[in-house]
Amino acid sequence: MRWHARQPIAFLILAAVVWFALYQTLDPAAEALVASLPVDRASHLGGALQFFFYDTPKVLMLLTGVVFVMGMINSYFTPERTRAMLAGRTEGVANVMAASLGIVTPFCSCSAVPLFIGFVQAGVPLGVTFSFLISAPMVNEVALTLLFGMFGWKVALLYLGLGLSVAIVAGWVIGRLKMEAYLEDWVRDMPRMAAQFEEAGMTLADRIQGGFTSVREIVGKVWPYILVGIAVGAGIHSYVPEDYMASFMGREAWWSVPLAVVIGVPLYSNAAGVIPIVQALLAKGAALGTVLAFMMSVIALSLPEMIILRKVLKVRLIATFVSVVAAGILLVGYVFNAVL
Amino acid sequence: MDIKVLGTGCANCRSTIALIDQVAMAKGVTVKLEKVEELRDIMGYGVMSTPGVVINGKVVHAGGIPSREKIEQWLAAA
């Protein structure tokens, strides 16, 4: 048995210490790397390289750390436990819980349908299920970490807060509309299921293994997108003069937010893939609210997921779902632009 | 040993089947590997995340690709 399985607590402490130590060396290491190249540090190229050499390991380290911790947290919040926590609860509170649980429960979009049906079978109200389904893909640790690493904690926090708000309110609204009749008949005919479940014992070593698996699967899949995103950011930050951006950052036409949301609907990407586009848009002078609305629209309203959901939802309900979420994102975009 | 992999056809489900096949061959265990893609049938097992693995009628795994160690354990238990 590997040593991290035999001494899980020692491993975690050591890993944390090493991570922090490495993190401190990133800036000086990046500077040293650029200094060793035949490039003038003060030039555009020098600045771009320093940005790239510093940001790439920084973001990758942040992502690895966050994904590992989330992988461990995910092992506590299985879909079964989330369902048990939500079954039979009154709406309102349940919507808030569902949206919050969407962040920590592992979710893959191909599981959207089995999860949806499982929730319905155990008596989780329709609106509450939707709150979960909206928050899970959209407010995920990859999006938050990348936003934090590349745009700062304020942007990440705002995305988190507004993403949760959209999930809570949209889910609640759909619940009020009482559209249970628009579930496909075979779904409604599925047998009731007990929400109780048996907790399979999991050791800390198992959870650490879960963290490793998460890192392998997630970071292993998105790192190319991150490299592209940072390269785009490096180029922009170093080559685009300040006043060029300022001249565009003026008043935005009122239709830019709806346009961003509408464009986002047919596009589908994971959280990491959309970041290069976010970088480019921000550099072009698009307002932050518009860009975040676009990002949410791309991730939360994906055509592939709609097609999959068609197996369990009638068209009317899918249309309602898309409209309510789009409206929520629109509102978020406007509020953001007005506030910042 | 009757093994069913539950999934609607995303990459993870296909990887799971390939991995189980690989491990079974490496260990020299004969398995009857079957893919269940119909949602109604998948729901019959009560899983909420795919890919799911069912061995001799019992759900042993749901969500994410199972690790090689886990698969070896299942095959050894036969």
# chains A, B, ... in the order shown; residues from 1 in each chain; ligands from 1
>>> residues_around(residues="A:Leu63", least_positions_apart="2", cutoff="8 Å", atoms="only C-alpha atoms", output="ChimeraX atom specification")
/A:59-61,65-67,142,145-146,219
>>> write_last_selection(atoms="C-alpha atoms", output="JSON list (two decimals), in the first residue's frame")
[["chain", "number", "residue", "atom", "x", "y", "z"],
["A", 59, "VAL", "CA", -2.98, 28.73, -12.40],
["A", 60, "LEU", "CA", -2.10, 25.05, -12.83],
["A", 61, "MET", "CA", -1.00, 24.79, -9.20],
["A", 65, "GLY", "CA", -4.85, 22.17, -5.33],
["A", 66, "VAL", "CA", -8.50, 23.18, -5.58],
["A", 67, "VAL", "CA", -9.51, 20.17, -7.69],
["A", 142, "VAL", "CA", -12.72, 24.89, -12.25],
["A", 145, "THR", "CA", -10.37, 28.78, -9.67],
["A", 146, "LEU", "CA", -9.63, 30.01, -13.18],
["A", 219, "VAL", "CA", -6.64, 18.88, -14.79]]
>>> select_by_dssp(residues="chain B", states="strand (DSSP E)", output="list in words")
Asp2, Ile3, Lys4, Val5, Leu6, Lys32, Leu33, Glu34, Lys35, Val36, Gly52, Val53, Val54, Ile55, Lys58, Val59, Val60, His61 and Ala62 of chain B
>>> residues_around(residues="A:Ile318", least_positions_apart="5", cutoff="10 Å", atoms="only C-alpha atoms", output="ChimeraX atom specification")
/A:182-183,306-307,309-310,312-313,323-324
>>> write_last_selection(atoms="N, CA and C atoms", output="tab-separated table (two decimals), in the first residue's frame")
chain	number	residue	atom	x	y	z
A	182	TYR	N	-45.21	18.33	-17.28
A	182	TYR	CA	-44.39	18.34	-18.48
A	182	TYR	C	-43.18	17.43	-18.41
A	183	LEU	N	-43.13	16.62	-17.37
A	183	LEU	CA	-42.14	15.56	-17.35
A	183	LEU	C	-42.64	14.48	-18.30
A	306	MET	N	-29.44	20.01	-23.38
A	306	MET	CA	-30.87	20.11	-23.71
A	306	MET	C	-31.34	18.88	-24.46
A	307	ILE	N	-30.50	18.43	-25.39
A	307	ILE	CA	-30.86	17.26	-26.19
A	307	ILE	C	-30.99	16.04	-25.29
A	309	LEU	N	-31.65	16.13	-22.06
A	309	LEU	CA	-32.80	16.32	-21.17
A	309	LEU	C	-34.12	16.07	-21.88
A	310	ARG	N	-34.13	16.15	-23.21
A	310	ARG	CA	-35.35	15.91	-23.97
A	310	ARG	C	-35.90	14.51	-23.71
A	312	VAL	N	-36.25	13.21	-20.88
A	312	VAL	CA	-37.07	13.17	-19.67
A	312	VAL	C	-38.02	14.34	-19.54
A	313	LEU	N	-37.79	15.39	-20.31
A	313	LEU	CA	-38.65	16.57	-20.20
A	313	LEU	C	-39.34	16.85	-21.51
A	323	SER	N	-35.55	29.60	-20.87
A	323	SER	CA	-35.97	31.00	-20.76
A	323	SER	C	-35.70	31.56	-19.38
A	324	VAL	N	-36.08	30.81	-18.35
A	324	VAL	CA	-35.91	31.33	-16.99
A	324	VAL	C	-34.44	31.53	-16.67
>>> atom_distance(atom1="atom CA of A:Tyr268", atom2="atom CA of B:Pro66")
26.8 Å
>>> residues_around(residues="stretch 50-58 of chain B", least_positions_apart="5", cutoff="10 Å", atoms="only C-alpha atoms", output="VMD selection string")
(chain A and resid 107 to 115) or (chain B and resid 1 to 17 20 31 to 36 42 45 63 to 66 71 74 to 75 78)
>>> write_last_selection(atoms="C-alpha atoms", output="CSV table (one decimal), in the first residue's frame")
chain,number,residue,atom,x,y,z
A,107,PHE,CA,-21.5,16.1,-11.5
A,108,CYS,CA,-20.8,15.1,-15.0
A,109,SER,CA,-23.3,16.2,-17.7
A,110,CYS,CA,-23.9,12.7,-18.9
A,111,SER,CA,-25.2,11.9,-15.5
A,112,ALA,CA,-27.7,14.8,-15.7
A,113,VAL,CA,-30.6,12.6,-16.6
A,114,PRO,CA,-30.1,9.7,-14.2
A,115,LEU,CA,-29.6,12.2,-11.5
B,1,MET,CA,-19.2,-13.4,-14.3
B,2,ASP,CA,-21.8,-11.1,-15.7
B,3,ILE,CA,-20.8,-7.5,-15.9
B,4,LYS,CA,-23.0,-4.7,-17.2
B,5,VAL,CA,-21.7,-1.1,-17.7
B,6,LEU,CA,-24.5,1.5,-17.5
B,7,GLY,CA,-24.1,4.6,-19.5
B,8,THR,CA,-25.7,6.8,-22.2
B,9,GLY,CA,-22.6,6.7,-24.3
B,10,CYS,CA,-20.3,9.4,-23.2
B,11,ALA,CA,-16.5,9.0,-23.3
B,12,ASN,CA,-16.3,7.9,-19.6
B,13,CYS,CA,-18.6,4.9,-20.2
B,14,ARG,CA,-16.6,3.7,-23.2
B,15,SER,CA,-13.3,4.1,-21.2
B,16,THR,CA,-14.8,2.0,-18.4
B,17,ILE,CA,-15.7,-0.8,-20.7
B,20,ILE,CA,-12.6,-3.7,-17.6
B,31,VAL,CA,-16.4,-12.1,-18.2
B,32,LYS,CA,-19.6,-11.5,-20.1
B,33,LEU,CA,-19.3,-7.7,-20.7
B,34,GLU,CA,-22.5,-5.9,-21.7
B,35,LYS,CA,-23.3,-2.2,-22.3
B,36,VAL,CA,-26.7,-0.9,-21.1
B,42,ILE,CA,-30.2,2.2,-16.4
B,45,TYR,CA,-30.7,-0.2,-11.2
B,63,GLY,CA,-20.0,7.7,-11.2
B,64,GLY,CA,-16.6,8.2,-12.8
B,65,ILE,CA,-14.2,5.7,-14.3
B,66,PRO,CA,-13.4,3.0,-11.7
B,71,ILE,CA,-11.8,-3.6,-11.1
B,74,TRP,CA,-14.2,-7.2,-8.4
B,75,LEU,CA,-12.7,-9.8,-10.7
B,78,ALA,CA,-15.6,-14.0,-8.6
>>> select_by_dssp(residues="stretch 100-205 of chain A", states="alpha helix (DSSP H)", output="PyMOL selection string")
chain A and resi 100-104+112-121+126-138+141-151+153-176+185-188+204-205
>>> atom_distance(atom1="atom CA of A:Ala205", atom2="atom CA of A:Ala5")
4.8 Å
>>> closest_residue(among="A:Met295, A:Val228, A:Ile308, A:Ala271", to="chain B", atoms="only C-alpha atoms")
A:Ile308
>>> residues_around(residues="A:Glu91", least_positions_apart="5", cutoff="10 Å", atoms="only C-alpha atoms", output="PyMOL selection string")
chain A and resi 86+96-98+124-128+171-172+175-176
>>> write_last_selection(atoms="N, CA and C atoms", output="PDB file, in the first residue's frame")
ATOM      1  N   LEU A  86     -32.265  16.662   0.335  1.00  0.00           N
ATOM      2  CA  LEU A  86     -33.242  17.536  -0.315  1.00  0.00           C
ATOM      3  C   LEU A  86     -34.659  16.979  -0.340  1.00  0.00           C
ATOM      4  N   VAL A  96     -32.094  26.929  -2.018  1.00  0.00           N
ATOM      5  CA  VAL A  96     -30.783  27.431  -1.589  1.00  0.00           C
ATOM      6  C   VAL A  96     -29.839  26.268  -1.332  1.00  0.00           C
ATOM      7  N   MET A  97     -30.374  25.244  -0.624  1.00  0.00           N
ATOM      8  CA  MET A  97     -29.545  24.072  -0.326  1.00  0.00           C
ATOM      9  C   MET A  97     -29.128  23.369  -1.605  1.00  0.00           C
ATOM     10  N   ALA A  98     -30.088  23.212  -2.512  1.00  0.00           N
ATOM     11  CA  ALA A  98     -29.799  22.491  -3.756  1.00  0.00           C
ATOM     12  C   ALA A  98     -28.708  23.201  -4.550  1.00  0.00           C
ATOM     13  N   VAL A 124     -37.860  14.730  -4.476  1.00  0.00           N
ATOM     14  CA  VAL A 124     -37.285  16.073  -4.446  1.00  0.00           C
ATOM     15  C   VAL A 124     -38.126  16.936  -5.396  1.00  0.00           C
ATOM     16  N   PRO A 125     -38.650  18.084  -4.914  1.00  0.00           N
ATOM     17  CA  PRO A 125     -39.519  18.903  -5.774  1.00  0.00           C
ATOM     18  C   PRO A 125     -38.818  19.307  -7.074  1.00  0.00           C
ATOM     19  N   LEU A 126     -39.595  19.475  -8.136  1.00  0.00           N
ATOM     20  CA  LEU A 126     -39.056  19.754  -9.457  1.00  0.00           C
ATOM     21  C   LEU A 126     -38.172  21.006  -9.470  1.00  0.00           C
ATOM     22  N   GLY A 127     -38.653  22.074  -8.879  1.00  0.00           N
ATOM     23  CA  GLY A 127     -37.907  23.329  -8.855  1.00  0.00           C
ATOM     24  C   GLY A 127     -36.563  23.173  -8.147  1.00  0.00           C
ATOM     25  N   VAL A 128     -36.586  22.388  -7.073  1.00  0.00           N
ATOM     26  CA  VAL A 128     -35.346  22.168  -6.307  1.00  0.00           C
ATOM     27  C   VAL A 128     -34.336  21.399  -7.153  1.00  0.00           C
ATOM     28  N   GLY A 171     -34.630  28.127 -10.253  1.00  0.00           N
ATOM     29  CA  GLY A 171     -35.210  26.864  -9.786  1.00  0.00           C
ATOM     30  C   GLY A 171     -36.516  27.116  -9.049  1.00  0.00           C
ATOM     31  N   TRP A 172     -36.515  28.130  -8.197  1.00  0.00           N
ATOM     32  CA  TRP A 172     -37.707  28.462  -7.425  1.00  0.00           C
ATOM     33  C   TRP A 172     -38.845  28.871  -8.348  1.00  0.00           C
ATOM     34  N   GLY A 175     -40.300  26.006 -10.041  1.00  0.00           N
ATOM     35  CA  GLY A 175     -41.111  25.268  -9.087  1.00  0.00           C
ATOM     36  C   GLY A 175     -42.504  25.875  -8.946  1.00  0.00           C
ATOM     37  N   ARG A 176     -42.564  27.198  -8.867  1.00  0.00           N
ATOM     38  CA  ARG A 176     -43.850  27.908  -8.749  1.00  0.00           C
ATOM     39  C   ARG A 176     -44.748  27.641  -9.940  1.00  0.00           C
TER      40      ARG A 176
END
>>> closest_residue(among="A:Phe77, A:Phe52, A:Trp186, A:Tyr159", to="A:Gln121", atoms="only C-alpha atoms")
A:Trp186
>>> atom_distance(atom1="atom CA of A:Leu158", atom2="atom CA of A:Phe132")
18.9 Å
